[in-house]
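These notes are about the structure you will find just below.
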Amino acid sequence: MAGTLREEMTADTEAVAPRSGAAARLRGLADWIVVLVFFLLVSFAALPLGANRDWAWAPLSIAFAACAVAVAAGLGSRSGFAVVDAERKPLMTLVGCFAVFVLFSLFQMSTLAPLAGSAWLYESAERILGSAHAPVPAIAIDAARNTLLKCLTCGAIFLTARAMVVPIQWNEPFGIVFAEALACGTPVMAVSDARIISRLADYTVFIVQWAKTPREVVKTALAALVNVSNHVGVVINRVNLAKHVRYGYGDHGDYYSRYRGYYGSGADMPAGGARPALKLAKK
Amino acid sequence: MRGLLGVGGAILVFFAWPVANGAWQASKSNSTVYDLRSGKAVPIVDILSAVSEQNAAVADDPTAGRRLARSELLAGLALTRDLPLTPAERRGWLTTAMSDLDFGLGNAPARGAAWARLASVRQAVDGTSAKVVAALLMSIDTAPMVALLWPSRLRLILDNWQFFTAPQRERIGTYVVTTWRLSADKRGFAEAIRSPLDELLVRYFLRDEPGAQQELSQWLARFGKK
């Protein structure tokens, strides 16, 4: 049985020839567009159908379900679904998003009442009518509005930001905003905290994202840090080595060979895993 | 995998079909509902047909939205005096409408028009009371400025004035004045006044509004109430 499965998988892998170059990129772009259109369809389908969330999902679900049943009955490709690398990422993103939606809905269903936003409405309705509880779509919408959408929106903002500078005015117990920004790969400069902590630290490392952190931000931050710290070092991360080489900088050969261990994968590391020491500038 | 896909699709159809069918049944009565909303004369045959279509929609898909839609039709018909209906029919439709509103608003309370409808239905079934006031206040909270609702809302305020508490009266007084200021057309005020006592109350609400007393008199004269 296992042998048969392996043979089938091998046959599938051979049947789907790996794509490369412009065609692969075009295919990947097309996949993302399909996923985007699907999301838009699901999100806004209620609008042309009268913006009625009570029932607008039903005709769509029947259409999708009919497709699923038709495919299951043998309509379409008989060799199953072949997913190439370019398709895997958007598909997994889609599956992940749906999973998150379902988990949020299940979480809030346990209380049968929205946790925020329209919660007062249900409390008032219960007082007047004797009983009231939110239906699952209302709970899911509340959850999405109050948590998921907020996270997505914040994520989108951070992803498009070149850097985040936070002039902290108070003793924040847990700066979740920093974690969110860092999760999106956005450089964070928490002005007050960094300067305060730098006074207490032996060394200060300032991380600059290659080709993203503005030069002015780096210069200003370094000037501020040098004033309060004895040892300040700068590390550039997320360097696109291929692009860096293409730019034809004079140092690229040296840079590439000496610092490959920092930015490359494990396989690129020098023998023994030794990395060049970080040089710190004295004040 | 293929079997799982087929079973999943079949389950989805099983759950979605009644909802889609209910929406389809309800959509058949849309034209009649719109005609009734806009005050057009509709033959009684069409009205009864619309009621049966709404009943079928609720039977297929007994959700809050579906039941609130039926309550609009039933309450509207039962409270329209010039329709050839028996008192038993009116009573039955009002009871069904009240049950639909209780269920529907319990599941979807952010509907100001439906709360105003509940206040009207409660008043029609049980008379004026604090229960009418509670639904009316909720209607104002959820949809304070709906021009079409204003005449019936003011009528409910005037009819149930004795059941408002002192803080509620103060709040309603402010609400009436705000609506007066924001209404380009003041005919809703004149439409709601049906007795000298009503007029006295409305004039009391507007006592500090410059020019309001004269303007109200003009509107009342236009409607032949003065």
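Identifiers for the structure tokens are assigned positionally: chains receive A, B, ... in sequence, residues are indexed from 1 per chain, and ligands are indexed from 1 in the order shown.
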Q) Counting only C-alpha atoms, which residues from chain A have an atom at most 8 Å from any atom of chain B, and could you show them as a ChimeraX atom specification? A) /A:54-59,61-62,64-73,121-122,124-126,128-129,131-135
(Q) Let's see if you can do this: from backbone DSSP, list all helix (DSSP H, G or I) residues in chain B, as a PyMOL selection string. (A) chain B and resi 2-28+30-37+44-60+64-78+87-107+112-126+130-142+147-159+161-163+166-182+187-192+196-205+212-222
Q. Hey, what's within 9 Å of Ala97 (chain B) if we count only C-alpha atoms and toss same-chain stuff fewer than 5 positions away? As an MDAnalysis selection string, please?
A. chainID B and resid 67:68 70:75 92 102 118 121
Q: Would you work out the distance separating CA of Ile47 (chain B) from CA of Thr95 (chain B), expressed in Å to one decimal?
A: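 A separation of 18.0 Å between them.
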Q.
Neighbouring residues of region 182-186 of chain B were defined as those with any atom within 9 Å, considering only C-alpha atoms; residues of the same chain fewer than 2 positions away were excluded. Please report them as a list in words.
A. Met145, Ala147, Val177, Thr178, Thr179, Trp180, Gly188, Phe189, Ala190, Glu215, Leu216 and Trp219 of chain B
